[in-house]
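Here's the structure, in structure tokens; my notes come after.
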Amino acid sequence: MANLVKKVTKKGLVTPPLIPTLSAYKSPATRVTPLAGLRVATQSFDAELATIGVRVNVGSRDDVKNGTANFLNRLTKRKLASQLGNSAKITSYSNREHTVYTLSVLKEDAKNALSVLQEAIRNPGFDAQTVEAERASLVTELEGLETQYQERIFQHLHRTAFMDSSLGNAPEGTVESVKSITATDLQNFLNQHVVKKNVVVVGTGPVDHEDLVQVTSDGFSSLGDSKAQQSKSAVFVGSDIQFRFDSMREAHVVLAFETAPSHAEEALTFRLIESIIGSWNVASFGSENSASRLAQELQESQSANSFEAFNFSYRDTGLFGVKLAAEPRHLEEAIYFLTYNLARLSHDVSEEEVERAKNQLKTKLLLNLGNTEHAANDIGWQLLSYGRRVPSAEVASRIDSLTLGDVESTARNYLKDEDHALAAVGPIFGLPDYNW
């Protein structure tokens, strides 16, 4: 943080840092070693703990039976927990496109942690007792989720936006689909998708690259070389899905447009647009001083309680939009302000808004430097999405190069006069018609 540009006043006083120079984003180099199809990547730096991770290019959109990737992930985590106990912080999840495992351990335990992780991934345990125990736990959780419409509103959004594609399936599956998954289904899924070309091994913090390469070579040599066919391209459908519950205090609405896939140039522009719209909650300290124009209008009109912009990027598509919560009597007015602010992105954005958003994005980069878990996740995601590690300084430079014209042209191409997807839950009797 020493390389921040400072402003000196006439009295010689130095004000707080304003804009980071590119050198502020300098981070340790990432070493990547191709290894018979899979890749081993490390970023070594001083830290209290080392993070060891494996990211696999498979998720719920690759399921034959919905929920298989998640079921397999849970079996693997169960085995990890039984073997590592409290000696590691275990993070494990399966989303729509990737399955991720990370272990945060003492640096002297890094090699052993990777060996344990590899064994759990290769042999998570398909005996009847283990599978049925995990199935029972998963079914219980899914039954509890069935009535949590508000908490699953983003899943409802995907369900309607990609109603004809596997991208719309819930990563955790459904009660019916999970009950139908057999041990053979799980084993076949593992053999078909957890193959060398789909796997990235990552180590961050106090790790030795050569050690991890050797452990990976020994532990993952048995992985298959073939690559199962990826899921079909997602097809976006302009549509809406609504769940009306007049007993709820607030209406919750998510409105989204199809955008660019993760590897496209416009993906970064949409991250900037997300920052321009921002987020806001009326109950938060300082909410009346938000720089977001949408927040200012909602605050002044008292027509909503909160909102947040979001941006989901996938291998062949994306979703950008806003989640909004409002009391039912103000919902129509809140939707007006929301849609107006989305529409103005193509013609009425100020230079000040763009610069503020760019600084916010770069600040997030700075805050994450030195975080081993974030670095491991970022490296794995980038290698599977881009095919390479993108240094933080390059990301900052790309952010700096974005202009007001980029924002408005991207909004015109993807948002203006385009179909949208909408999910709504609660007392939504004031929600305008889809074509409003």
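Each chain in the structure tokens gets a letter, A, B and so on, in the order shown; residues start at 1 in every chain, and ligands are counted from 1 in the order they appear.
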
task: Mind checking which residues fall within 9 Å of Ala113 of chain A, counting only C-alpha atoms, ignoring those fewer than 6 positions away in the same chain, and posting them as a VMD selection string?
output: chain A and resid 52 84 88 103 to 105

query: What's the 8 Å shell around Arg135 of chain A, counting only C-alpha atoms, without same-chain residues fewer than 6 positions away, as a list in words?
result: Phe71, Val178 and Lys179 of chain A

Please build the interface table for segment 41-141 of chain A against segment 367-390 of chain A with a cut-off of 12 Å, listing for each qualifying residue the nearest atom pair and the distance in Å to one decimal; count only C-alpha atoms, order rows by chain and increasing number, and write it as JSON lines.
```
{"residue": "A:Ala41", "atom": "CA", "partner": "A:Ile379", "partner_atom": "CA", "distance": 7.6}
{"residue": "A:Thr42", "atom": "CA", "partner": "A:Ala376", "partner_atom": "CA", "distance": 8.2}
{"residue": "A:Gln43", "atom": "CA", "partner": "A:Ala375", "partner_atom": "CA", "distance": 7.9}
{"residue": "A:Ser44", "atom": "CA", "partner": "A:Thr372", "partner_atom": "CA", "distance": 9.3}
{"residue": "A:Phe45", "atom": "CA", "partner": "A:Gly370", "partner_atom": "CA", "distance": 7.7}
{"residue": "A:Asp46", "atom": "CA", "partner": "A:Gly370", "partner_atom": "CA", "distance": 8.3}
{"residue": "A:Ala47", "atom": "CA", "partner": "A:Gly370", "partner_atom": "CA", "distance": 7.5}
{"residue": "A:Glu48", "atom": "CA", "partner": "A:Thr372", "partner_atom": "CA", "distance": 9.3}
{"residue": "A:Leu49", "atom": "CA", "partner": "A:Thr372", "partner_atom": "CA", "distance": 7.6}
{"residue": "A:Ala50", "atom": "CA", "partner": "A:Thr372", "partner_atom": "CA", "distance": 6.7}
{"residue": "A:Thr51", "atom": "CA", "partner": "A:Thr372", "partner_atom": "CA", "distance": 5.8}
{"residue": "A:Ile52", "atom": "CA", "partner": "A:Ala376", "partner_atom": "CA", "distance": 7.4}
{"residue": "A:Gly53", "atom": "CA", "partner": "A:Ala376", "partner_atom": "CA", "distance": 6.5}
{"residue": "A:Val54", "atom": "CA", "partner": "A:Gly380", "partner_atom": "CA", "distance": 7.6}
{"residue": "A:Arg55", "atom": "CA", "partner": "A:Gly380", "partner_atom": "CA", "distance": 5.9}
{"residue": "A:Val56", "atom": "CA", "partner": "A:Leu384", "partner_atom": "CA", "distance": 8.3}
{"residue": "A:Asn57", "atom": "CA", "partner": "A:Leu384", "partner_atom": "CA", "distance": 6.7}
{"residue": "A:Val58", "atom": "CA", "partner": "A:Leu384", "partner_atom": "CA", "distance": 10.3}
{"residue": "A:Lys89", "atom": "CA", "partner": "A:Glu373", "partner_atom": "CA", "distance": 10.4}
{"residue": "A:Ile90", "atom": "CA", "partner": "A:Glu373", "partner_atom": "CA", "distance": 10.7}
{"residue": "A:Thr91", "atom": "CA", "partner": "A:Glu373", "partner_atom": "CA", "distance": 9.4}
{"residue": "A:Ser92", "atom": "CA", "partner": "A:Asn377", "partner_atom": "CA", "distance": 11.3}
{"residue": "A:Tyr93", "atom": "CA", "partner": "A:Asn377", "partner_atom": "CA", "distance": 11.7}
{"residue": "A:Glu97", "atom": "CA", "partner": "A:Leu384", "partner_atom": "CA", "distance": 10.1}
{"residue": "A:His98", "atom": "CA", "partner": "A:Trp381", "partner_atom": "CA", "distance": 8.4}
{"residue": "A:Thr99", "atom": "CA", "partner": "A:Trp381", "partner_atom": "CA", "distance": 10.3}
{"residue": "A:Val100", "atom": "CA", "partner": "A:Asn377", "partner_atom": "CA", "distance": 8.2}
{"residue": "A:Tyr101", "atom": "CA", "partner": "A:Asn377", "partner_atom": "CA", "distance": 9.2}
{"residue": "A:Thr102", "atom": "CA", "partner": "A:Glu373", "partner_atom": "CA", "distance": 7.5}
{"residue": "A:Leu103", "atom": "CA", "partner": "A:Glu373", "partner_atom": "CA", "distance": 8.5}
{"residue": "A:Ser104", "atom": "CA", "partner": "A:Glu373", "partner_atom": "CA", "distance": 7.5}
{"residue": "A:Val105", "atom": "CA", "partner": "A:Thr372", "partner_atom": "CA", "distance": 10.6}
{"residue": "A:Lys107", "atom": "CA", "partner": "A:Thr372", "partner_atom": "CA", "distance": 11.7}
```

Keeping C-alpha atoms for every residue in the selection just given, could you write it to a file as a PDB file, in the first residue's frame?
```pdb
ATOM      1  CA  ALA A  41      -0.553 -23.829  -9.898  1.00  0.00           C
ATOM      2  CA  THR A  42       1.024 -22.170  -6.881  1.00  0.00           C
ATOM      3  CA  GLN A  43       1.410 -18.638  -5.585  1.00  0.00           C
ATOM      4  CA  SER A  44       3.946 -18.578  -2.756  1.00  0.00           C
ATOM      5  CA  PHE A  45       3.951 -15.815  -0.158  1.00  0.00           C
ATOM      6  CA  ASP A  46       4.232 -15.439   3.616  1.00  0.00           C
ATOM      7  CA  ALA A  47       1.025 -16.208   5.481  1.00  0.00           C
ATOM      8  CA  GLU A  48      -0.100 -17.866   8.693  1.00  0.00           C
ATOM      9  CA  LEU A  49      -1.733 -20.763   6.844  1.00  0.00           C
ATOM     10  CA  ALA A  50      -1.336 -22.487   3.506  1.00  0.00           C
ATOM     11  CA  THR A  51      -4.356 -23.174   1.316  1.00  0.00           C
ATOM     12  CA  ILE A  52      -4.471 -26.312  -0.804  1.00  0.00           C
ATOM     13  CA  GLY A  53      -7.257 -26.634  -3.342  1.00  0.00           C
ATOM     14  CA  VAL A  54      -8.613 -28.704  -6.180  1.00  0.00           C
ATOM     15  CA  ARG A  55     -11.085 -27.212  -8.652  1.00  0.00           C
ATOM     16  CA  VAL A  56     -12.873 -29.455 -11.126  1.00  0.00           C
ATOM     17  CA  ASN A  57     -14.558 -28.189 -14.287  1.00  0.00           C
ATOM     18  CA  VAL A  58     -17.883 -29.908 -13.589  1.00  0.00           C
ATOM     19  CA  LYS A  89     -10.466 -25.733   7.633  1.00  0.00           C
ATOM     20  CA  ILE A  90     -12.462 -27.503   4.928  1.00  0.00           C
ATOM     21  CA  THR A  91     -14.384 -25.572   2.292  1.00  0.00           C
ATOM     22  CA  SER A  92     -16.282 -27.614  -0.258  1.00  0.00           C
ATOM     23  CA  TYR A  93     -19.065 -26.821  -2.707  1.00  0.00           C
ATOM     24  CA  GLU A  97     -20.114 -25.203 -13.459  1.00  0.00           C
ATOM     25  CA  HIS A  98     -17.385 -26.066 -10.962  1.00  0.00           C
ATOM     26  CA  THR A  99     -16.733 -28.317  -7.985  1.00  0.00           C
ATOM     27  CA  VAL A 100     -14.305 -26.888  -5.434  1.00  0.00           C
ATOM     28  CA  TYR A 101     -12.380 -28.219  -2.451  1.00  0.00           C
ATOM     29  CA  THR A 102     -10.004 -26.105  -0.340  1.00  0.00           C
ATOM     30  CA  LEU A 103      -8.093 -26.946   2.826  1.00  0.00           C
ATOM     31  CA  SER A 104      -6.434 -24.303   4.983  1.00  0.00           C
ATOM     32  CA  VAL A 105      -3.653 -25.887   7.014  1.00  0.00           C
ATOM     33  CA  LYS A 107       2.441 -24.928   6.173  1.00  0.00           C
TER      34      LYS A 107
END
```

- prompt: When DSSP works through the backbone of this structure, what residues of segment 257-325 of chain A end up as helix (DSSP H, G or I), shown as a PyMOL selection string?
  reply: chain A and resi 266-277+287-289+293-301

Coordinates-based distance that separates atom CA of Ala411 of chain A from atom CA of Ala291 of chain A (Å, one decimal):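 Atom-to-atom, atom CA of Ala291 of chain A to atom CA of Ala411 of chain A, that is 20.3 Å.
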
Check which residues of segment 129-205 of chain A sit at most 10 Å from segment 417-425 of chain A using only C-alpha atoms, and return one row each with the closest pair of atoms and their distance in Å to one decimal, ordered by chain and rising number, as JSON lines.
```
{"residue": "A:Tyr149", "atom": "CA", "partner": "A:Val425", "partner_atom": "CA", "distance": 6.6}
{"residue": "A:Gln150", "atom": "CA", "partner": "A:Val425", "partner_atom": "CA", "distance": 6.1}
{"residue": "A:Glu151", "atom": "CA", "partner": "A:Val425", "partner_atom": "CA", "distance": 9.7}
{"residue": "A:Arg152", "atom": "CA", "partner": "A:Val425", "partner_atom": "CA", "distance": 9.7}
{"residue": "A:Ile153", "atom": "CA", "partner": "A:Ala423", "partner_atom": "CA", "distance": 6.5}
{"residue": "A:Phe154", "atom": "CA", "partner": "A:Ala423", "partner_atom": "CA", "distance": 7.7}
{"residue": "A:Gln155", "atom": "CA", "partner": "A:Ala423", "partner_atom": "CA", "distance": 9.0}
{"residue": "A:His156", "atom": "CA", "partner": "A:Ala423", "partner_atom": "CA", "distance": 6.1}
{"residue": "A:Leu157", "atom": "CA", "partner": "A:Ala423", "partner_atom": "CA", "distance": 5.1}
{"residue": "A:His158", "atom": "CA", "partner": "A:Ala421", "partner_atom": "CA", "distance": 8.5}
{"residue": "A:Arg159", "atom": "CA", "partner": "A:Ala423", "partner_atom": "CA", "distance": 9.2}
{"residue": "A:Thr160", "atom": "CA", "partner": "A:Ala421", "partner_atom": "CA", "distance": 6.9}
{"residue": "A:Ala161", "atom": "CA", "partner": "A:Ala421", "partner_atom": "CA", "distance": 5.4}
{"residue": "A:Phe162", "atom": "CA", "partner": "A:Ala421", "partner_atom": "CA", "distance": 9.2}
```

task: Within 8 Å of Ala234 of chain A, counting only C-alpha atoms, which residues show up once you throw out same-chain ones fewer than 2 positions away? Write them as a list in words, please.
output: Phe162, Asp164, Ser165, Ser166, Leu167, Lys232, Phe236, Asp316 and Thr317 of chain A

Selected residues, N, CA and C atoms, written as a PDB file, in the first residue's frame, please.
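New file part23.pdb:
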```
ATOM      1  N   PHE A 162     -33.386 -20.014 -17.752  1.00  0.00           N
ATOM      2  CA  PHE A 162     -32.809 -21.114 -18.532  1.00  0.00           C
ATOM      3  C   PHE A 162     -33.687 -22.356 -18.411  1.00  0.00           C
ATOM      4  N   ASP A 164     -35.102 -24.224 -20.443  1.00  0.00           N
ATOM      5  CA  ASP A 164     -34.884 -25.329 -21.373  1.00  0.00           C
ATOM      6  C   ASP A 164     -33.450 -25.832 -21.361  1.00  0.00           C
ATOM      7  N   SER A 165     -32.675 -25.442 -20.355  1.00  0.00           N
ATOM      8  CA  SER A 165     -31.253 -25.796 -20.302  1.00  0.00           C
ATOM      9  C   SER A 165     -30.895 -26.311 -18.921  1.00  0.00           C
ATOM     10  N   SER A 166     -29.861 -27.133 -18.862  1.00  0.00           N
ATOM     11  CA  SER A 166     -29.426 -27.676 -17.575  1.00  0.00           C
ATOM     12  C   SER A 166     -28.875 -26.598 -16.655  1.00  0.00           C
ATOM     13  N   LEU A 167     -28.509 -25.435 -17.208  1.00  0.00           N
ATOM     14  CA  LEU A 167     -28.030 -24.331 -16.376  1.00  0.00           C
ATOM     15  C   LEU A 167     -29.118 -23.861 -15.415  1.00  0.00           C
ATOM     16  N   LYS A 232     -24.857 -28.958 -23.124  1.00  0.00           N
ATOM     17  CA  LYS A 232     -25.233 -28.139 -24.272  1.00  0.00           C
ATOM     18  C   LYS A 232     -25.277 -26.668 -23.872  1.00  0.00           C
ATOM     19  N   PHE A 236     -31.200 -18.726 -23.177  1.00  0.00           N
ATOM     20  CA  PHE A 236     -31.920 -17.776 -22.335  1.00  0.00           C
ATOM     21  C   PHE A 236     -33.344 -17.592 -22.851  1.00  0.00           C
ATOM     22  N   ASP A 316     -20.771 -19.923 -21.288  1.00  0.00           N
ATOM     23  CA  ASP A 316     -21.395 -19.576 -22.563  1.00  0.00           C
ATOM     24  C   ASP A 316     -22.447 -18.487 -22.458  1.00  0.00           C
ATOM     25  N   THR A 317     -22.639 -17.925 -21.283  1.00  0.00           N
ATOM     26  CA  THR A 317     -23.657 -16.893 -21.103  1.00  0.00           C
ATOM     27  C   THR A 317     -23.418 -16.188 -19.773  1.00  0.00           C
TER      28      THR A 317
END
```

- request: Could you give me, as a PyMOL selection string, the residues within 6 Å of segment 274-289 of chain A, counting only C-alpha atoms and dropping anything in the same chain fewer than 5 positions from it?
  value: chain A and resi 305-309+357

message: I'd like to know which residues of segment 61-132 of chain A are strand (DSSP E or B) (by DSSP, run on the backbone); could you write them as a PyMOL selection string?
response: chain A and resi 89-94+99-105

Can I get the selection written as a tab-separated table (two decimals), in the first residue's frame, with N, CA, C and O atoms?
```tsv
chain	number	residue	atom	x	y	z
A	89	LYS	N	-9.19	-26.38	7.96
A	89	LYS	CA	-10.47	-25.73	7.63
A	89	LYS	C	-10.87	-26.23	6.25
A	89	LYS	O	-10.18	-26.00	5.27
A	90	ILE	N	-12.01	-26.89	6.18
A	90	ILE	CA	-12.46	-27.50	4.93
A	90	ILE	C	-13.55	-26.65	4.31
A	90	ILE	O	-14.56	-26.33	4.95
A	91	THR	N	-13.35	-26.26	3.06
A	91	THR	CA	-14.38	-25.57	2.29
A	91	THR	C	-14.67	-26.40	1.06
A	91	THR	O	-13.74	-26.75	0.32
A	92	SER	N	-15.93	-26.72	0.84
A	92	SER	CA	-16.28	-27.61	-0.26
A	92	SER	C	-17.65	-27.23	-0.79
A	92	SER	O	-18.59	-27.04	-0.02
A	93	TYR	N	-17.77	-27.12	-2.11
A	93	TYR	CA	-19.07	-26.82	-2.71
A	93	TYR	C	-19.07	-27.20	-4.18
A	93	TYR	O	-18.02	-27.33	-4.82
A	94	SER	N	-20.25	-27.38	-4.69
A	94	SER	CA	-20.44	-27.63	-6.12
A	94	SER	C	-21.49	-26.66	-6.62
A	94	SER	O	-22.59	-26.60	-6.08
A	99	THR	N	-16.75	-27.69	-9.30
A	99	THR	CA	-16.73	-28.32	-7.99
A	99	THR	C	-15.41	-27.95	-7.33
A	99	THR	O	-14.35	-28.07	-7.95
A	100	VAL	N	-15.47	-27.50	-6.07
A	100	VAL	CA	-14.31	-26.89	-5.43
A	100	VAL	C	-14.08	-27.50	-4.06
A	100	VAL	O	-15.02	-27.70	-3.28
A	101	TYR	N	-12.80	-27.78	-3.77
A	101	TYR	CA	-12.38	-28.22	-2.45
A	101	TYR	C	-11.16	-27.39	-2.04
A	101	TYR	O	-10.21	-27.28	-2.82
A	102	THR	N	-11.18	-26.80	-0.85
A	102	THR	CA	-10.00	-26.11	-0.34
A	102	THR	C	-9.77	-26.50	1.11
A	102	THR	O	-10.72	-26.68	1.89
A	103	LEU	N	-8.50	-26.64	1.47
A	103	LEU	CA	-8.09	-26.95	2.83
A	103	LEU	C	-7.11	-25.89	3.28
A	103	LEU	O	-6.10	-25.64	2.61
A	104	SER	N	-7.38	-25.25	4.40
A	104	SER	CA	-6.43	-24.30	4.98
A	104	SER	C	-5.74	-24.99	6.15
A	104	SER	O	-6.41	-25.44	7.10
A	105	VAL	N	-4.42	-25.09	6.05
A	105	VAL	CA	-3.65	-25.89	7.01
A	105	VAL	C	-2.36	-25.17	7.39
A	105	VAL	O	-1.96	-24.19	6.74
```

message: Residues near Asn311 of chain A, anyone? I mean within 12 Å using only C-alpha atoms, not counting same-chain ones fewer than 2 positions away, as an NGL selection string.
response: :A and (154 or 254-262 or 266-275 or 277-278 or 308-309 or 313-314 or 317-323)

So that I have them on file, write out the residues from the current selection with N, CA and C atoms, as a compact mmCIF listing (two decimals), in the first residue's frame.
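Printed below is again_38.txt as written:
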```
# COMPACT_ATOMS: atom_id res chain seq x y z
N PHE A 154 -32.75 -16.61 -6.30
CA PHE A 154 -31.82 -16.66 -7.43
C PHE A 154 -31.93 -18.00 -8.16
N VAL A 254 -36.34 -10.11 -8.38
CA VAL A 254 -35.05 -10.16 -9.06
C VAL A 254 -35.30 -10.02 -10.56
N LEU A 255 -34.68 -9.04 -11.17
CA LEU A 255 -34.83 -8.77 -12.60
C LEU A 255 -33.46 -8.87 -13.25
N ALA A 256 -33.37 -9.63 -14.36
CA ALA A 256 -32.06 -9.86 -14.97
C ALA A 256 -32.13 -9.93 -16.48
N PHE A 257 -30.98 -9.66 -17.12
CA PHE A 257 -30.82 -9.75 -18.56
C PHE A 257 -29.69 -10.72 -18.88
N GLU A 258 -29.77 -11.34 -20.06
CA GLU A 258 -28.66 -12.18 -20.48
C GLU A 258 -27.48 -11.31 -20.88
N THR A 259 -26.29 -11.73 -20.48
CA THR A 259 -25.09 -10.95 -20.78
C THR A 259 -24.00 -11.86 -21.37
N ALA A 260 -22.78 -11.39 -21.32
CA ALA A 260 -21.66 -12.07 -21.97
C ALA A 260 -21.12 -13.20 -21.11
N PRO A 261 -20.53 -14.24 -21.74
CA PRO A 261 -19.90 -15.32 -20.97
C PRO A 261 -18.64 -14.84 -20.27
N SER A 262 -18.11 -15.67 -19.38
CA SER A 262 -17.01 -15.25 -18.50
C SER A 262 -15.74 -14.87 -19.26
N GLU A 266 -16.68 -8.18 -22.60
CA GLU A 266 -17.75 -7.44 -21.92
C GLU A 266 -17.98 -7.90 -20.49
N ALA A 267 -17.44 -9.06 -20.11
CA ALA A 267 -17.66 -9.57 -18.76
C ALA A 267 -17.12 -8.59 -17.71
N LEU A 268 -15.96 -8.01 -17.98
CA LEU A 268 -15.40 -7.04 -17.04
C LEU A 268 -16.22 -5.76 -17.04
N THR A 269 -16.73 -5.36 -18.19
CA THR A 269 -17.58 -4.17 -18.25
C THR A 269 -18.82 -4.36 -17.40
N PHE A 270 -19.37 -5.56 -17.40
CA PHE A 270 -20.56 -5.80 -16.57
C PHE A 270 -20.23 -5.80 -15.08
N ARG A 271 -19.01 -6.16 -14.73
CA ARG A 271 -18.61 -6.00 -13.33
C ARG A 271 -18.58 -4.52 -12.96
N LEU A 272 -18.15 -3.70 -13.91
CA LEU A 272 -18.15 -2.26 -13.67
C LEU A 272 -19.58 -1.72 -13.58
N ILE A 273 -20.45 -2.18 -14.46
CA ILE A 273 -21.85 -1.76 -14.42
C ILE A 273 -22.51 -2.18 -13.11
N GLU A 274 -22.17 -3.38 -12.66
CA GLU A 274 -22.69 -3.84 -11.36
C GLU A 274 -22.29 -2.86 -10.26
N SER A 275 -21.06 -2.39 -10.31
CA SER A 275 -20.57 -1.46 -9.30
C SER A 275 -21.23 -0.09 -9.45
N ILE A 277 -24.36 0.49 -10.44
CA ILE A 277 -25.68 0.38 -9.81
C ILE A 277 -25.53 0.24 -8.30
N GLY A 278 -24.62 -0.63 -7.87
CA GLY A 278 -24.28 -0.74 -6.45
C GLY A 278 -25.25 -1.55 -5.64
N GLU A 308 -29.57 -4.86 -4.44
CA GLU A 308 -28.18 -5.18 -4.76
C GLU A 308 -28.08 -5.62 -6.20
N ALA A 309 -27.11 -5.07 -6.91
CA ALA A 309 -26.83 -5.51 -8.27
C ALA A 309 -26.02 -6.80 -8.20
N SER A 313 -21.42 -15.02 -14.22
CA SER A 313 -20.74 -15.32 -15.49
C SER A 313 -20.57 -16.82 -15.64
N TYR A 314 -20.93 -17.34 -16.80
CA TYR A 314 -20.80 -18.77 -17.10
C TYR A 314 -20.01 -18.94 -18.39
N THR A 317 -22.64 -17.93 -21.28
CA THR A 317 -23.66 -16.89 -21.10
C THR A 317 -23.42 -16.19 -19.77
N GLY A 318 -24.32 -15.29 -19.42
CA GLY A 318 -24.22 -14.59 -18.14
C GLY A 318 -25.55 -13.97 -17.78
N LEU A 319 -25.67 -13.52 -16.55
CA LEU A 319 -26.86 -12.82 -16.08
C LEU A 319 -26.43 -11.59 -15.29
N PHE A 320 -26.98 -10.45 -15.66
CA PHE A 320 -26.78 -9.22 -14.89
C PHE A 320 -28.15 -8.69 -14.49
N GLY A 321 -28.25 -8.23 -13.26
CA GLY A 321 -29.52 -7.67 -12.84
C GLY A 321 -29.46 -7.11 -11.45
N VAL A 322 -30.65 -6.93 -10.88
CA VAL A 322 -30.78 -6.32 -9.56
C VAL A 322 -31.83 -7.08 -8.75
N LYS A 323 -31.51 -7.32 -7.49
CA LYS A 323 -32.46 -7.88 -6.53
C LYS A 323 -32.97 -6.75 -5.66
```
